[in-house]
Structures are given as structure tokens and as C-alpha cells.
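Source file: work-v9.tsv (TSV, C-alpha atoms)
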```tsv
chain	number	residue	atom	x	y	z
A	1	MET	CA	4.33	-23.81	-12.91
A	2	THR	CA	3.88	-27.53	-13.07
A	3	ILE	CA	2.05	-29.55	-10.44
A	4	ILE	CA	5.26	-31.33	-9.41
A	5	PHE	CA	6.60	-28.03	-8.08
A	6	HIS	CA	3.57	-27.75	-5.82
A	7	LYS	CA	4.09	-31.27	-4.48
A	8	LYS	CA	7.82	-30.74	-3.98
A	9	LYS	CA	8.27	-27.30	-2.50
A	10	TYR	CA	12.02	-27.68	-2.28
A	11	LEU	CA	12.12	-27.65	-6.10
A	12	LEU	CA	10.00	-24.52	-6.11
A	13	SER	CA	12.31	-22.96	-3.51
A	14	LEU	CA	15.34	-23.77	-5.66
A	15	PHE	CA	13.60	-22.32	-8.71
A	16	PHE	CA	12.90	-18.99	-6.97
A	17	THR	CA	16.32	-18.91	-5.31
A	18	LEU	CA	18.01	-19.11	-8.71
A	19	ILE	CA	15.83	-16.21	-9.88
A	20	VAL	CA	16.40	-13.77	-7.00
A	21	PHE	CA	19.92	-14.79	-5.94
A	22	THR	CA	21.81	-12.43	-8.22
A	23	TYR	CA	19.58	-9.46	-7.33
A	24	LEU	CA	19.73	-9.79	-3.54
A	25	LEU	CA	23.44	-10.47	-3.33
A	26	PRO	CA	25.28	-7.58	-1.57
A	27	SER	CA	27.65	-5.46	-3.64
A	28	TYR	CA	30.70	-6.93	-1.85
A	29	PHE	CA	29.92	-10.34	-3.34
A	30	THR	CA	28.75	-9.06	-6.74
A	31	ASP	CA	32.06	-7.21	-7.09
A	32	LEU	CA	33.86	-10.49	-6.42
A	33	LEU	CA	31.66	-12.28	-8.94
A	34	LYS	CA	32.49	-9.69	-11.60
A	35	LYS	CA	36.10	-10.87	-11.35
A	36	VAL	CA	34.84	-14.23	-12.64
A	37	PRO	CA	32.73	-13.09	-15.64
A	38	ILE	CA	31.64	-16.60	-16.60
A	39	ALA	CA	30.08	-17.29	-13.18
A	40	ASN	CA	28.44	-13.87	-13.12
A	41	ASN	CA	26.99	-14.26	-16.62
A	42	VAL	CA	25.74	-17.79	-15.91
A	43	LEU	CA	23.88	-16.71	-12.75
A	44	LEU	CA	22.36	-13.67	-14.42
A	45	GLY	CA	21.49	-15.55	-17.59
A	46	LEU	CA	19.90	-18.39	-15.65
A	47	SER	CA	17.78	-15.93	-13.68
A	48	LEU	CA	16.55	-14.22	-16.84
A	49	VAL	CA	15.76	-17.53	-18.56
A	50	LEU	CA	13.79	-18.81	-15.55
A	51	MET	CA	11.80	-15.58	-15.31
A	52	ALA	CA	11.08	-15.69	-19.04
A	53	SER	CA	9.89	-19.29	-18.69
A	54	LEU	CA	7.20	-18.10	-16.26
A	55	LEU	CA	5.81	-15.81	-18.94
A	56	PHE	CA	5.53	-18.65	-21.45
A	57	PHE	CA	4.39	-21.41	-19.11
A	58	GLY	CA	2.90	-19.46	-16.21
A	59	ARG	CA	-0.21	-17.36	-15.80
A	60	PHE	CA	0.90	-14.02	-17.18
A	61	ARG	CA	-1.97	-11.80	-18.31
A	62	TRP	CA	-1.48	-8.40	-19.89
A	63	ASN	CA	-3.01	-5.52	-17.92
A	64	ARG	CA	-3.08	-1.71	-17.89
A	65	THR	CA	-0.09	-1.43	-15.58
A	66	ASP	CA	2.01	-3.41	-18.05
A	67	CYS	CA	1.26	-0.76	-20.68
A	68	VAL	CA	2.54	1.95	-18.33
A	69	LEU	CA	5.64	-0.13	-17.56
A	70	ILE	CA	6.41	-0.54	-21.25
A	71	VAL	CA	5.96	3.21	-21.87
A	72	ILE	CA	8.29	3.98	-18.95
A	73	TYR	CA	11.12	1.90	-20.36
A	74	ALA	CA	10.46	2.82	-23.98
A	75	CYS	CA	11.07	6.45	-22.93
A	76	TYR	CA	14.14	5.34	-20.98
A	77	LEU	CA	15.61	3.56	-24.00
A	78	PHE	CA	14.71	6.42	-26.36
A	79	SER	CA	16.36	9.01	-24.10
A	80	SER	CA	19.48	6.86	-23.79
A	81	ALA	CA	19.64	6.25	-27.55
A	82	LEU	CA	19.09	9.95	-28.28
A	83	ASN	CA	22.11	10.76	-26.09
A	84	HIS	CA	24.19	7.86	-27.45
A	85	GLN	CA	24.04	6.09	-24.08
A	86	LEU	CA	22.24	2.94	-25.26
A	87	ALA	CA	24.82	0.58	-23.79
A	88	LYS	CA	24.43	-3.12	-22.98
A	89	ALA	CA	23.90	-2.27	-19.31
A	90	THR	CA	20.98	0.02	-20.22
A	91	VAL	CA	19.14	-2.67	-22.18
A	92	LEU	CA	19.91	-5.28	-19.52
A	93	HIS	CA	18.47	-3.02	-16.82
A	94	VAL	CA	15.21	-2.73	-18.76
A	95	VAL	CA	14.94	-6.49	-19.29
A	96	GLU	CA	15.68	-7.24	-15.62
A	97	VAL	CA	13.13	-4.84	-14.15
A	98	ILE	CA	10.34	-5.79	-16.57
A	99	LEU	CA	10.90	-9.53	-16.07
A	100	LEU	CA	10.99	-9.12	-12.29
A	101	CYS	CA	7.67	-7.27	-12.34
A	102	PHE	CA	6.05	-9.82	-14.66
A	103	THR	CA	7.39	-12.64	-12.47
A	104	PHE	CA	5.62	-11.22	-9.43
A	105	GLN	CA	2.40	-10.96	-11.41
A	106	CYS	CA	2.59	-14.66	-12.33
A	107	VAL	CA	3.62	-15.90	-8.90
A	108	LEU	CA	1.27	-13.83	-6.76
A	109	LYS	CA	-1.73	-15.42	-8.44
A	110	ASP	CA	-0.99	-18.70	-6.69
A	111	GLU	CA	-1.13	-19.41	-2.94
A	112	THR	CA	1.65	-21.99	-2.84
A	113	GLU	CA	4.05	-20.10	-5.06
A	114	THR	CA	3.43	-16.86	-3.19
A	115	GLN	CA	4.30	-18.45	0.14
A	116	VAL	CA	7.47	-20.07	-1.21
A	117	LEU	CA	8.70	-16.93	-2.97
A	118	LEU	CA	8.15	-14.78	0.13
A	119	ARG	CA	10.04	-17.29	2.27
A	120	VAL	CA	12.92	-17.56	-0.19
A	121	ILE	CA	13.42	-13.79	-0.36
A	122	ARG	CA	13.10	-13.44	3.42
A	123	ALA	CA	15.52	-16.29	4.10
A	124	MET	CA	18.18	-14.97	1.76
A	125	CYS	CA	17.87	-11.39	2.99
A	126	ILE	CA	17.99	-12.28	6.69
A	127	ALA	CA	20.98	-14.60	6.21
A	128	LEU	CA	22.94	-11.91	4.38
A	129	PHE	CA	21.84	-9.22	6.83
A	130	ILE	CA	23.02	-11.28	9.82
A	131	ALA	CA	26.33	-11.83	8.02
A	132	ASN	CA	26.55	-8.05	7.58
A	133	LEU	CA	25.87	-7.54	11.31
A	134	ILE	CA	28.68	-9.95	12.18
A	135	VAL	CA	31.04	-8.08	9.87
A	136	ALA	CA	29.97	-4.83	11.56
A	137	VAL	CA	30.96	-6.25	14.94
A	138	VAL	CA	34.34	-7.41	13.63
A	139	TYR	CA	35.00	-4.28	11.54
A	140	PRO	CA	33.01	-1.39	13.09
A	141	GLU	CA	34.98	1.09	11.00
A	142	GLY	CA	34.31	-0.80	7.77
A	143	ILE	CA	35.96	-3.65	5.88
A	144	PRO	CA	39.59	-2.44	5.44
A	145	SER	CA	39.96	-3.63	1.83
A	146	ILE	CA	37.00	-1.55	0.58
A	147	THR	CA	36.87	1.33	3.11
A	148	GLU	CA	38.89	4.39	2.14
A	149	SER	CA	37.76	6.71	4.93
A	150	GLY	CA	36.52	6.24	8.48
A	151	GLU	CA	33.77	8.74	7.69
A	152	ASP	CA	32.45	6.41	5.00
A	153	PRO	CA	32.63	2.86	6.43
A	154	ARG	CA	31.75	0.09	3.97
A	155	LEU	CA	30.44	-3.35	4.84
A	156	LEU	CA	28.93	-6.12	2.72
A	157	TYR	CA	26.33	-3.79	1.18
A	158	GLY	CA	29.00	-1.25	0.31
A	159	ASN	CA	28.10	2.29	1.34
A	160	MET	CA	26.14	2.19	4.62
A	161	ASN	CA	23.20	4.08	3.13
A	162	SER	CA	22.78	1.23	0.64
A	163	THR	CA	21.89	-1.19	3.45
A	164	VAL	CA	18.21	-0.30	3.56
A	165	ARG	CA	17.79	-0.97	-0.19
A	166	TYR	CA	18.93	-4.57	0.24
A	167	LEU	CA	17.06	-4.92	3.51
A	168	PHE	CA	13.62	-3.82	2.34
A	169	PRO	CA	12.79	-6.77	0.03
A	170	GLY	CA	13.35	-9.20	2.90
A	171	LEU	CA	11.56	-7.00	5.42
A	172	ILE	CA	8.52	-6.63	3.12
A	173	CYS	CA	8.29	-10.41	2.71
A	174	SER	CA	8.75	-10.97	6.45
A	175	VAL	CA	5.97	-8.55	7.36
A	176	LEU	CA	3.64	-10.11	4.78
A	177	LEU	CA	4.35	-13.59	6.14
A	178	ASP	CA	3.73	-12.36	9.69
A	179	ALA	CA	0.34	-11.11	8.55
A	180	LYS	CA	-0.46	-14.45	6.94
A	181	GLN	CA	0.45	-16.30	10.14
A	182	GLY	CA	-1.42	-13.88	12.40
A	183	LYS	CA	1.75	-12.67	14.12
A	184	ARG	CA	2.31	-9.17	15.39
A	185	LEU	CA	6.10	-9.42	15.21
A	186	SER	CA	8.11	-12.49	14.30
A	187	LEU	CA	11.70	-13.00	15.44
A	188	ILE	CA	12.99	-12.52	11.90
A	189	THR	CA	11.14	-9.22	11.47
A	190	ALA	CA	12.49	-8.06	14.84
A	191	VAL	CA	16.05	-8.90	13.75
A	192	PHE	CA	15.63	-6.72	10.67
A	193	PHE	CA	14.45	-3.74	12.72
A	194	ILE	CA	16.77	-4.14	15.72
A	195	GLY	CA	19.75	-5.01	13.54
A	196	TYR	CA	19.31	-1.85	11.50
A	197	VAL	CA	19.14	0.29	14.64
A	198	PHE	CA	22.30	-1.47	15.86
A	199	LEU	CA	24.12	-0.51	12.65
A	200	CYS	CA	23.01	3.11	13.09
A	201	ILE	CA	24.43	3.18	16.62
A	202	ARG	CA	27.48	1.00	16.13
A	203	VAL	CA	28.76	1.92	12.68
A	204	TYR	CA	27.09	4.88	10.95
A	205	PHE	CA	24.00	6.98	11.59
A	206	MET	CA	21.80	6.34	8.54
A	207	ALA	CA	19.17	9.03	9.12
A	208	THR	CA	17.02	8.38	6.03
A	209	GLY	CA	16.84	4.62	6.51
A	210	LEU	CA	16.17	4.99	10.23
A	211	CYS	CA	13.33	7.43	9.52
A	212	ALA	CA	11.87	4.90	7.08
A	213	MET	CA	12.04	2.18	9.73
A	214	LEU	CA	10.43	4.38	12.39
A	215	PHE	CA	7.74	5.33	9.91
A	216	LEU	CA	6.95	1.65	9.28
A	217	ILE	CA	6.69	1.01	13.02
A	218	CYS	CA	4.25	3.92	13.39
A	219	TRP	CA	2.35	2.66	10.34
A	220	SER	CA	1.96	-0.70	12.03
A	221	LEU	CA	1.06	0.59	15.48
A	222	GLY	CA	-1.45	3.06	14.08
A	223	LYS	CA	-3.21	0.55	11.84
A	224	SER	CA	-6.64	0.81	13.48
A	225	PHE	CA	-6.63	4.59	12.95
A	226	ILE	CA	-4.77	4.80	9.63
A	227	SER	CA	-6.59	2.00	7.80
A	228	LYS	CA	-9.89	3.92	7.95
A	229	ARG	CA	-8.29	6.99	6.37
A	230	ILE	CA	-5.42	5.44	4.45
A	231	ARG	CA	-5.82	7.41	1.25
A	232	LEU	CA	-6.20	10.74	3.07
A	233	ILE	CA	-3.11	10.11	5.22
A	234	ALA	CA	-1.09	8.87	2.24
A	235	LEU	CA	-1.99	11.98	0.25
A	236	PHE	CA	-1.09	14.21	3.22
A	237	ILE	CA	2.36	12.57	3.42
A	238	LEU	CA	2.82	12.94	-0.33
A	239	ALA	CA	1.87	16.62	-0.06
A	240	LEU	CA	4.56	17.14	2.59
A	241	MET	CA	7.11	15.38	0.38
A	242	LEU	CA	6.13	17.58	-2.57
A	243	LEU	CA	6.46	20.69	-0.42
A	244	PHE	CA	9.95	19.62	0.64
A	245	GLU	CA	10.89	18.81	-2.96
A	246	LEU	CA	9.83	22.27	-4.14
A	247	LEU	CA	11.07	24.43	-1.26
A	248	VAL	CA	14.33	22.68	-0.36
A	249	VAL	CA	15.39	20.68	-3.40
A	250	VAL	CA	14.26	22.88	-6.31
A	251	PHE	CA	14.26	26.38	-4.77
A	252	ASP	CA	17.12	25.64	-2.34
A	253	ASN	CA	15.58	27.12	0.83
A	254	GLN	CA	18.55	26.87	3.21
A	255	THR	CA	16.58	27.90	6.30
A	256	ILE	CA	14.26	24.89	6.12
A	257	ALA	CA	17.18	22.64	5.19
A	258	ASP	CA	19.23	23.77	8.20
A	259	VAL	CA	16.32	23.21	10.60
A	260	ILE	CA	15.77	19.64	9.37
A	261	CYS	CA	19.51	18.89	9.49
A	262	ALA	CA	19.69	20.18	13.05
A	263	ILE	CA	16.79	17.96	14.13
A	264	PHE	CA	18.59	14.84	12.88
A	265	GLY	CA	22.05	15.94	13.92
A	266	LYS	CA	23.38	15.94	10.36
A	267	ALA	CA	25.79	18.40	8.76
A	268	LYS	CA	24.28	21.39	7.00
A	269	GLY	CA	23.29	20.78	3.41
A	270	PHE	CA	22.18	17.20	4.14
A	271	THR	CA	25.79	15.95	4.04
A	272	GLY	CA	26.47	17.62	0.70
A	273	ARG	CA	23.21	16.64	-0.96
A	274	THR	CA	22.06	20.24	-1.55
A	275	TYR	CA	25.09	20.72	-3.84
A	276	HIS	CA	24.12	17.64	-5.86
A	277	TRP	CA	20.51	18.84	-6.06
A	278	ALA	CA	21.40	22.36	-7.20
A	279	ASN	CA	23.78	21.02	-9.82
A	280	CYS	CA	21.21	18.51	-11.06
A	281	VAL	CA	18.50	21.20	-11.35
A	282	LYS	CA	20.90	23.26	-13.46
A	283	TYR	CA	21.44	20.39	-15.90
A	284	ILE	CA	17.71	19.56	-16.03
A	285	LYS	CA	16.96	23.13	-17.13
A	286	GLU	CA	19.50	22.75	-19.95
A	287	ARG	CA	17.89	19.60	-21.34
A	288	PRO	CA	14.36	19.36	-19.92
A	289	VAL	CA	12.46	17.35	-22.55
A	290	PHE	CA	14.32	14.05	-22.99
A	291	GLY	CA	17.11	14.32	-20.41
A	292	TYR	CA	20.58	12.82	-20.69
A	293	GLY	CA	19.83	9.10	-20.83
A	294	ASN	CA	21.36	6.41	-18.65
A	295	LEU	CA	24.83	7.69	-17.82
A	296	SER	CA	27.63	5.58	-16.40
A	297	SER	CA	28.89	6.21	-12.87
A	298	PRO	CA	32.06	8.07	-14.04
A	299	LYS	CA	29.96	10.42	-16.23
A	300	LEU	CA	27.52	11.00	-13.37
A	301	ASN	CA	30.42	11.82	-11.09
A	302	THR	CA	31.71	14.37	-13.58
A	303	MET	CA	28.35	16.09	-14.02
A	304	LEU	CA	26.62	15.70	-10.64
A	305	TRP	CA	29.70	15.25	-8.43
A	306	SER	CA	28.39	11.84	-7.40
A	307	PRO	CA	28.68	8.44	-9.16
A	308	SER	CA	25.22	7.50	-7.82
A	309	GLY	CA	23.23	10.43	-9.19
A	310	ALA	CA	21.67	13.39	-7.42
A	311	HIS	CA	20.67	11.49	-4.24
A	312	ASN	CA	17.07	12.32	-5.12
A	313	TYR	CA	15.16	9.86	-7.27
A	314	PHE	CA	12.70	12.43	-8.60
A	315	LEU	CA	15.50	14.71	-9.80
A	316	ASP	CA	17.33	11.70	-11.20
A	317	MET	CA	14.32	10.76	-13.31
A	318	LEU	CA	14.03	14.29	-14.73
A	319	PHE	CA	17.79	14.39	-15.33
A	320	GLN	CA	17.91	10.94	-16.90
A	321	ARG	CA	14.65	10.84	-18.90
A	322	GLY	CA	13.45	14.43	-19.09
A	323	ILE	CA	9.84	15.52	-18.59
A	324	VAL	CA	8.59	13.09	-21.26
A	325	GLY	CA	10.13	10.06	-19.55
A	326	ALA	CA	9.65	11.18	-15.95
A	327	ILE	CA	5.88	11.74	-16.15
A	328	PRO	CA	5.01	8.02	-16.67
A	329	VAL	CA	7.42	7.09	-13.85
A	330	PHE	CA	5.77	9.54	-11.46
A	331	PHE	CA	2.32	8.29	-12.54
A	332	PHE	CA	3.45	4.70	-11.87
A	333	LEU	CA	4.77	5.58	-8.40
A	334	LEU	CA	1.86	7.76	-7.26
A	335	CYS	CA	-1.14	6.01	-8.82
A	336	PRO	CA	-1.43	3.32	-6.09
A	337	PHE	CA	-2.14	5.98	-3.47
A	338	PHE	CA	-5.23	7.14	-5.35
A	339	ARG	CA	-6.71	3.68	-5.82
A	340	LYS	CA	-9.14	2.14	-3.40
A	341	ALA	CA	-7.93	-1.05	-1.76
A	342	PRO	CA	-9.85	-4.17	-2.87
A	343	GLU	CA	-11.83	-5.66	0.01
A	344	LYS	CA	-10.05	-9.03	-0.11
A	345	ARG	CA	-6.65	-7.33	-0.22
A	346	ARG	CA	-7.00	-4.80	2.58
A	347	MET	CA	-4.23	-6.29	4.75
A	348	GLU	CA	-1.88	-6.80	1.82
A	349	HIS	CA	-2.68	-3.34	0.49
A	350	TYR	CA	-2.14	-1.70	3.89
A	351	ILE	CA	1.29	-3.27	4.40
A	352	LEU	CA	2.55	-2.56	0.88
A	353	THR	CA	1.26	1.02	0.98
A	354	GLY	CA	3.29	1.63	4.14
A	355	PHE	CA	6.45	0.37	2.45
A	356	ALA	CA	5.71	2.36	-0.70
A	357	LEU	CA	5.43	5.56	1.35
A	358	ALA	CA	8.69	4.69	3.13
A	359	TYR	CA	10.31	4.42	-0.30
A	360	ILE	CA	8.87	7.80	-1.31
A	361	VAL	CA	10.53	9.33	1.76
A	362	MET	CA	13.86	7.69	0.89
A	363	PHE	CA	13.56	8.84	-2.74
A	364	LEU	CA	14.11	12.40	-1.46
A	365	PHE	CA	17.56	11.69	-0.07
A	366	GLU	CA	19.02	8.39	-1.31
A	367	PRO	CA	20.37	7.32	-4.71
A	368	PHE	CA	18.15	4.90	-6.64
A	369	TYR	CA	19.50	5.84	-10.07
A	370	HIS	CA	20.79	2.35	-10.96
A	371	VAL	CA	18.71	0.16	-8.62
A	372	GLU	CA	15.08	0.22	-9.75
A	373	LYS	CA	15.07	-3.57	-9.36
A	374	PHE	CA	14.52	-3.02	-5.62
A	375	HIS	CA	11.43	-0.81	-5.66
A	376	PHE	CA	9.73	-1.18	-9.06
A	377	PRO	CA	8.30	-4.67	-8.27
A	378	LEU	CA	6.68	-3.29	-5.10
A	379	PHE	CA	4.93	-0.43	-6.92
A	380	TYR	CA	4.03	-2.79	-9.75
A	381	VAL	CA	2.30	-5.18	-7.33
A	382	LEU	CA	0.46	-2.27	-5.69
A	383	ASN	CA	-0.71	-1.06	-9.10
A	384	THR	CA	-1.95	-4.50	-10.15
A	385	LEU	CA	-3.32	-5.60	-6.78
A	386	PRO	CA	-7.01	-5.12	-7.70
A	387	ASP	CA	-6.55	-6.86	-11.06
A	388	TYR	CA	-6.04	-10.47	-10.04
A	389	ALA	CA	-7.27	-13.06	-7.56
A	390	PRO	CA	-4.71	-15.62	-6.30
A	391	GLN	CA	-5.49	-19.26	-7.03
A	392	SER	CA	-4.48	-22.41	-5.23
A	393	HIS	CA	-3.02	-25.18	-7.37
A	394	THR	CA	-6.41	-26.86	-7.13
A	395	GLY	CA	-7.87	-23.96	-9.09
A	396	GLU	CA	-9.77	-22.37	-6.20
A	397	ALA	CA	-9.44	-18.66	-5.58
A	398	GLU	CA	-7.60	-17.86	-2.37
A	399	ASP	CA	-6.12	-14.86	-0.69
A	400	PRO	CA	-2.52	-15.76	0.17
A	401	LEU	CA	-2.35	-12.93	2.68
A	402	ALA	CA	-5.81	-13.09	4.15
A	403	GLU	CA	-6.22	-12.30	7.81
A	404	THR	CA	-6.25	-15.58	9.70
A	405	GLY	CA	-7.53	-14.44	13.06
A	406	PRO	CA	-8.02	-11.55	15.45
A	407	SER	CA	-4.28	-11.11	15.93
A	408	ALA	CA	-3.79	-10.47	12.22
A	409	ALA	CA	-5.45	-7.11	12.58
A	410	GLY	CA	-2.44	-5.77	14.41
A	411	SER	CA	0.22	-7.30	12.20
A	412	GLY	CA	2.38	-5.20	10.00
A	413	THR	CA	5.78	-5.46	11.63
```
Now, as a test, write the supplied structure out as C-alpha cells.
Amino acid sequence: MTIIFHKKKYLLSLFFTLIVFTYLLPSYFTDLLKKVPIANNVLLGLSLVLMASLLFFGRFRWNRTDCVLIVIYACYLFSSALNHQLAKATVLHVVEVILLCFTFQCVLKDETETQVLLRVIRAMCIALFIANLIVAVVYPEGIPSITESGEDPRLLYGNMNSTVRYLFPGLICSVLLDAKQGKRLSLITAVFFIGYVFLCIRVYFMATGLCAMLFLICWSLGKSFISKRIRLIALFILALMLLFELLVVVFDNQTIADVICAIFGKAKGFTGRTYHWANCVKYIKERPVFGYGNLSSPKLNTMLWSPSGAHNYFLDMLFQRGIVGAIPVFFFLLCPFFRKAPEKRRMEHYILTGFALAYIVMFLFEPFYHVEKFHFPLFYVLNTLPDYAPQSHTGEAEDPLAETGPSAAGSGT
């Protein structure tokens, strides 16, 4: 990035806004944009061009994680091509996710750019989330034009369970900025948490998202204890998730499923998810090596009885890419939990690890089949965290998220 962007932060803010705008926009607005193809293509094209410009004129440096990322999407494209599913949307998805990850690598090496990007994402997410809260107050049973059933109210983010996916990028940035400023809990971060609880009470009980939020609160409050044993605790949580995946999802243990559903007051079968899981496992066994490729929503609905996939990201990866394509994805997602946090990144690493674990929990129940743009950058940053040292525009190494005082030790929400 040129020096003029550092001197004029509003230009830098505009630059990053144009990059992330199309990805953070709720589905209600993206659906409207699709009715004006020219506007939609211009926004998307501009975002891709700006991200590509960072690779040519920024500070991109190839690292080991980039190799894994390329392997992941090479397998994805191969599986899709093998099943004659190599559509324009498939290739576009690959380009978007890779460019987003590479953009974060370039930007997070610089103090000024890091601060501006975090603020841009937070500002856009909180503005849209507040708009969604207002809509929830006006239409507690969902926006009439897009809601077909009172049991499935839809607001700006579409399906209520999709809310947390759009919320997390802004919440991550808000928590990181709180840590930088030595705050325990900023007003914006509080709005994210309280607003989400309000939606659960007022509109629809989103059990998975609420559990993720409560987990993050506990992660923050227990920092002094957890930080000394972070890898051990992370591995324990992952072991529990694996146990659930095997017993309930793969082997369909209804007793355990019913107990968990009763605890959270949800209908038996996790609101129909066990049917999706069983059906998905059946198809995986039929084509285990390379999977079925990137299927469209109508085809997914025909095969898995859901246009969003199996409502389990791990099954979706095996279904979509087979064992060959799923293994590098699982390695990419789990590797950060086995790596030691770099000394100068302990606060940043602690916060991002908490969010990564929250995502792992949500992967068990929520559909992420078509939305890797939300979580892949987070895991990419965690994987590359030890590999770079942020620089100020003066050329001096700095830690953009260094602890600034005693109060920073308790930040995290």
C-alpha cells in the first residue's frame, strides 16, 4: 500500500470497504442486488481487483499455509470437474476465498492497515446488525415478503441460524480492537452479544449460535486459567466434538441425541438434522474417495433434503470432496490448535483460538457448505500467525494487537 494511504486513512478505509462490502452484505440485500446484475458484478469485480492489487503491490510472501490452501482448492476443483460440477460459481468461490486469505496476510503485516481493516469490518457489521435488530422489533415473526412460515422467521440475514455467520467477522474485529485499546468490553462488543441474545428471546431460539456466544464469554472470563493450558483445553474440546461426531452423527446414537436436545429444549433429532446426517453418511459411503463436487442448492435439496447441505461442515466436506479433499481441509482447521502461540502474539492467538473453537462447535450443527468466506480467513490467520511480524509504515516491527496495559489481560469480549 502506498504511503498516501497511511497519511489519509479515509482513503484506506474506502479501499477496504470496497473489498469487504459485498461479502458482509446480508442475504436480503444481496438478493436485491442480484436483480441488478450489472451492479452486483461491478461490486464483486471491484473487490476482486482490489484484493489482487494487494498481491502485486503489497507485501505478500508465500508460506507453508498457502501450499495447504492451494491443495485444498485444487482438490475441490478436481472433485467438481470429475462430477461435471465445475460451474462458474465453483471457480468464483475458490478465487474469492483464496484472495480473501491472501489479503489478510498482506494487511496484517502492517499496524496502520490492520487497525483500519478491523474498524471497517466492525463498523459495517455493527451497522447491519443494528438494522437487523430494528427489523426484528418491527417484524418479530419475520419480514413478510421473504418469510413463508412463522416457524422459520427470516430477517435481513435470511434464515435466523445464518445470523451468527454474518455476526462473527464483526465480533472478532471488535474483540481484537478492545484488546488493542485495553478494554474489557466495549459498547460495540456488548451490542453484538446482547443483541444476539435479544434475537434468541424475541424472534427465534438459535441454540447453536447462543452456545457459541456463551462459550466465547467463558473463554474470556477464564483467560487467566485457560491461557496457561490453552492447547490442552483446546484438544479436550476437540476430543468432545469428535466423540459427538462419531457417536451421534456417524453412528446415529439416538439416546445421546435425545438427551442433548432435551437440555436445550429443542425437538428430537436436532430439528431434523439427524435425518440430513444419516442421508449424507449414506451418500458418502457410495462415493468416498472424491465425493460429489460442489453441487447447487436444488441438487443438494434433492439428495440431502436440504439446500444448504447436511448441516454439519465435516460431513459436507466428505460429501463434497471425498476423503482425498477433506483431509487437507481438516488439517487446515485443526493444525492451529497444535501449534504453540508465538510470544508476541499471545493475546491475538488467545482471542482467535477462542473464535476458532466456537466455529468448530457450530460446524457440527450449522450449514457452511457455501460460505467458507466467513471462516477460512480466520483459520488462515491462525495458521500463519507465527510466520510474520507486523510492520509500521516507518518500517519498524510492531505488534498491532499487543497488550497495552494491565487491563488488556482481561480483554477478550
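Across the model, the gap from CA of Ala87 in chain A to CA of Asn40 in chain A is 18.3 Å.
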Hey, what's within 6 Å of Lys268 in chain A if we count only C-alpha atoms and toss same-chain stuff fewer than 2 positions away? As a PDB file with C-alpha atoms, in the frame of the given file, please?
```pdb
ATOM      1  CA  ASP A 258      19.230  23.770   8.200  1.00  0.00           C
ATOM      2  CA  CYS A 261      19.510  18.890   9.490  1.00  0.00           C
ATOM      3  CA  PHE A 270      22.180  17.200   4.140  1.00  0.00           C
TER       4      PHE A 270
END
```
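Put simply, CA of Lys299 in chain A is 16.5 Å away from CA of Val281 in chain A.
Proximity ranking of A:Phe57, A:Phe319, A:Phe363, A:Tyr139 relative to Leu333 in chain A places A:Phe363 first, based on all atoms listed in the file.
Here CA of Ile121 in chain A stands at a distance of 14.0 Å from CA of Asp178 in chain A.
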Compile a residue-level contact table for range 217-326 of chain A against range 68-83 of chain A at a cut-off of 6 Å, reporting for every qualifying residue the shortest atom pair and its distance in Å to one decimal, with only C-alpha atoms counted, rows ordered by chain and ascending number, as JSON lines.
```
{"residue": "A:Phe290", "atom": "CA", "partner": "A:Ser79", "partner_atom": "CA", "distance": 5.5}
{"residue": "A:Tyr292", "atom": "CA", "partner": "A:Asn83", "partner_atom": "CA", "distance": 6.0}
{"residue": "A:Gly293", "atom": "CA", "partner": "A:Ser80", "partner_atom": "CA", "distance": 3.7}
{"residue": "A:Asn294", "atom": "CA", "partner": "A:Ser80", "partner_atom": "CA", "distance": 5.5}
{"residue": "A:Arg321", "atom": "CA", "partner": "A:Ser79", "partner_atom": "CA", "distance": 5.8}
{"residue": "A:Gly325", "atom": "CA", "partner": "A:Cys75", "partner_atom": "CA", "distance": 5.0}
```
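Nearest-residue note for Ile351 in chain A: choosing from A:Ser220, A:Asn279, A:Asn161, A:Asn301, the minimum distance belongs to A:Ser220, counting all atoms listed in the file.
Take the candidates A:Leu364, A:Ile130, A:Leu235, A:Leu352 and check each one against Met317 in chain A using all atoms listed in the file; the shortest distance goes to A:Leu364.
For the set A:Phe129, A:Phe314, A:Tyr380, A:Trp305, the residue with the smallest atom-to-atom gap to Ile327 in chain A is A:Phe314, counting all atoms listed in the file.
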Which residues of range 335-395 of chain A have any atom within 7 Å of an atom in range 191-212 of chain A when counting only C-alpha atoms, and what is the closest pair of atoms for each, with the distance in Å to one decimal? Order the rows by chain and rising number and write it as CSV.
```
residue,atom,partner,partner_atom,distance
A:Ala358,CA,A:Ala212,CA,5.1
A:Met362,CA,A:Thr208,CA,6.1
A:Phe365,CA,A:Thr208,CA,7.0
```
My structure is short of atoms at range 102-113 of chain A; please model N, CA and C atoms there, returning them as a compact mmCIF listing (two decimals), in the coordinates of the input.
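result_34.txt was written with the following content:
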```txt
# COMPACT_ATOMS: atom_id res chain seq x y z
N PHE A 102 6.93 -8.82 -14.07
CA PHE A 102 6.05 -9.82 -14.66
C PHE A 102 6.09 -11.13 -13.87
N THR A 103 7.26 -11.44 -13.30
CA THR A 103 7.39 -12.64 -12.47
C THR A 103 6.49 -12.56 -11.25
N PHE A 104 6.49 -11.39 -10.61
CA PHE A 104 5.62 -11.22 -9.43
C PHE A 104 4.15 -11.33 -9.82
N GLN A 105 3.79 -10.83 -11.00
CA GLN A 105 2.40 -10.96 -11.41
C GLN A 105 2.00 -12.43 -11.54
N CYS A 106 2.88 -13.23 -12.15
CA CYS A 106 2.59 -14.66 -12.33
C CYS A 106 2.51 -15.39 -11.00
N VAL A 107 3.51 -15.14 -10.14
CA VAL A 107 3.62 -15.90 -8.90
C VAL A 107 2.53 -15.54 -7.89
N LEU A 108 2.21 -14.26 -7.78
CA LEU A 108 1.27 -13.83 -6.76
C LEU A 108 -0.17 -14.22 -7.05
N LYS A 109 -0.40 -14.91 -8.15
CA LYS A 109 -1.73 -15.42 -8.44
C LYS A 109 -1.95 -16.79 -7.81
N ASP A 110 -0.90 -17.35 -7.23
CA ASP A 110 -0.99 -18.70 -6.69
C ASP A 110 -0.58 -18.72 -5.23
N GLU A 111 -1.38 -19.36 -4.38
CA GLU A 111 -1.13 -19.41 -2.94
C GLU A 111 0.20 -20.08 -2.62
N THR A 112 0.43 -21.25 -3.17
CA THR A 112 1.65 -21.99 -2.84
C THR A 112 2.89 -21.25 -3.30
N GLU A 113 2.88 -20.79 -4.53
CA GLU A 113 4.05 -20.10 -5.06
C GLU A 113 4.31 -18.79 -4.33
```
